[in-house]
Structure formats: structure tokens, C-alpha cells
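Right, one structure below, let's go through it.
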Amino acid sequence: MKAALLSAFVLPGLGQVVRGERIKGGILIALANIFLLGAFFLVLKGMGPVLLEAQLAGSVDPNAVTRKLAAGAPAARILLACFAALWCFAVVDAFVGRRKGE
């Protein structure tokens, strides 16, 4: 069942689906999407004022943009950390399930 382990590297939950644990896999896939889309939304939301200010000023200072984005979206970091933890869990779970199934 190398496919289950390799699938878990691609998308958290996909390895569980390949192994036959569809409910667990579906929940992991849904959580991965929620974490990634939430982080993406928060970063885009933080970019609005930065882009407006850059448009009004007529020029863009990349360092100022980076500082404002880093300060404006701390929740995005939390969501990305949750995604990383979920990804690690899914890979380990797919590996442990693979070893049990052999």
C-alpha cells in the first residue's frame, strides 16, 4: 500500500481514502481545505489596504508591503501551522495504517 503513503504526501486525507477509511479521509481533506482557504482569505484581506495605499502613493515599497502583511495576518500563520500539523498527522496515520495492513 505504498499508494496510501504517497497519496498522503500529496493531500492530507487522500492516503486514508486510498486505504478505505473514507470518513476519516473526507474529514482530513475538508479540514485541509478549510485551513488553506482560510489562510489564503486572511492574506488577501490584509493585502487590500496595502494595495490601496500603494495605488494612491504611485509606487510600491516591497519592504513596507512585507511588514504590513506580516503584521496584518497573524491568524494566517496559525491556520498554516494547523495545516502543517494536519499534514504530518495524515502522513503518519497513512504510514501506520500501511504497516498494520501488510
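Convention: chains lettered A, B, ... in C-alpha cells order; per-chain residue numbering from 1; ligands numbered from 1 as shown.
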
(request) Extract, using only C-alpha atoms, all DNA, RNA and protein residues at most 12 Å from Val65 of chain A, discarding same-chain residues fewer than 5 positions from it, and format them as a list in words. (result)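 The residues satisfying every condition are Val43, Gly46, Met47, Gly48, Pro49, Val50, Leu51, Leu52, Glu53, Ala54, Ser59, Val60, Ala70, Ala71 and Gly72 of chain A.
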
(message) Residues near segment 6-22 of chain A, anyone? I mean within 6 Å using only C-alpha atoms, not counting same-chain ones fewer than 2 positions away, as a list in words.
(response)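 My list of contacting residues is Ala3, Ala4, Lys24, Gly25, Gly26, Leu28, Ile29, Trp87, Ala90, Val91 and Ala94 of chain A.
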
Export of prior selection with N, CA, C and O atoms as a JSON list (two decimals), in the first residue's frame:
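Okay, this is what ended up in out_20.json:
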```json
[["chain", "number", "residue", "atom", "x", "y", "z"],
["A", 3, "ALA", "N", 0.76, 3.31, -2.24],
["A", 3, "ALA", "CA", -0.11, 4.36, -2.79],
["A", 3, "ALA", "C", -0.73, 5.19, -1.68],
["A", 3, "ALA", "O", -0.87, 6.41, -1.80],
["A", 4, "ALA", "N", -1.11, 4.57, -0.57],
["A", 4, "ALA", "CA", -1.73, 5.30, 0.54],
["A", 4, "ALA", "C", -0.73, 6.28, 1.15],
["A", 4, "ALA", "O", -1.07, 7.44, 1.41],
["A", 24, "LYS", "N", -12.76, 9.19, 7.61],
["A", 24, "LYS", "CA", -11.58, 9.88, 8.16],
["A", 24, "LYS", "C", -10.88, 10.69, 7.06],
["A", 24, "LYS", "O", -10.50, 11.83, 7.27],
["A", 25, "GLY", "N", -10.73, 10.10, 5.89],
["A", 25, "GLY", "CA", -10.10, 10.80, 4.78],
["A", 25, "GLY", "C", -10.88, 12.04, 4.36],
["A", 25, "GLY", "O", -10.30, 13.09, 4.10],
["A", 26, "GLY", "N", -12.20, 11.92, 4.30],
["A", 26, "GLY", "CA", -13.03, 13.07, 3.94],
["A", 26, "GLY", "C", -12.92, 14.21, 4.94],
["A", 26, "GLY", "O", -12.86, 15.38, 4.57],
["A", 28, "LEU", "N", -10.33, 14.79, 6.93],
["A", 28, "LEU", "CA", -9.00, 15.37, 6.81],
["A", 28, "LEU", "C", -8.89, 16.26, 5.57],
["A", 28, "LEU", "O", -8.29, 17.34, 5.62],
["A", 29, "ILE", "N", -9.47, 15.84, 4.47],
["A", 29, "ILE", "CA", -9.45, 16.66, 3.25],
["A", 29, "ILE", "C", -10.22, 17.96, 3.48],
["A", 29, "ILE", "O", -9.77, 19.04, 3.08],
["A", 87, "TRP", "N", -1.18, 17.82, 8.11],
["A", 87, "TRP", "CA", -0.44, 17.10, 7.08],
["A", 87, "TRP", "C", 0.46, 16.04, 7.71],
["A", 87, "TRP", "O", 0.49, 14.89, 7.26],
["A", 90, "ALA", "N", -1.64, 13.16, 8.97],
["A", 90, "ALA", "CA", -2.16, 12.33, 7.88],
["A", 90, "ALA", "C", -1.08, 11.41, 7.32],
["A", 90, "ALA", "O", -1.35, 10.24, 7.03],
["A", 91, "VAL", "N", 0.14, 11.92, 7.19],
["A", 91, "VAL", "CA", 1.23, 11.09, 6.66],
["A", 91, "VAL", "C", 1.56, 9.97, 7.65],
["A", 91, "VAL", "O", 1.70, 8.80, 7.26],
["A", 94, "ALA", "N", -1.26, 7.41, 7.67],
["A", 94, "ALA", "CA", -1.23, 6.57, 6.46],
["A", 94, "ALA", "C", -0.10, 5.55, 6.56],
["A", 94, "ALA", "O", -0.27, 4.40, 6.15]]
```

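Among the candidate residues A:Leu31, A:Ile23, A:Leu37, A:Leu42, the one lying nearest to Ala76 of chain A is A:Leu42, with distances computed using only C-alpha atoms.
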
(request) For atom CA of Thr66 of chain A and atom CA of Cys88 of chain A, quote the distance in Å rounded to one decimal. (result) 28.1 Å
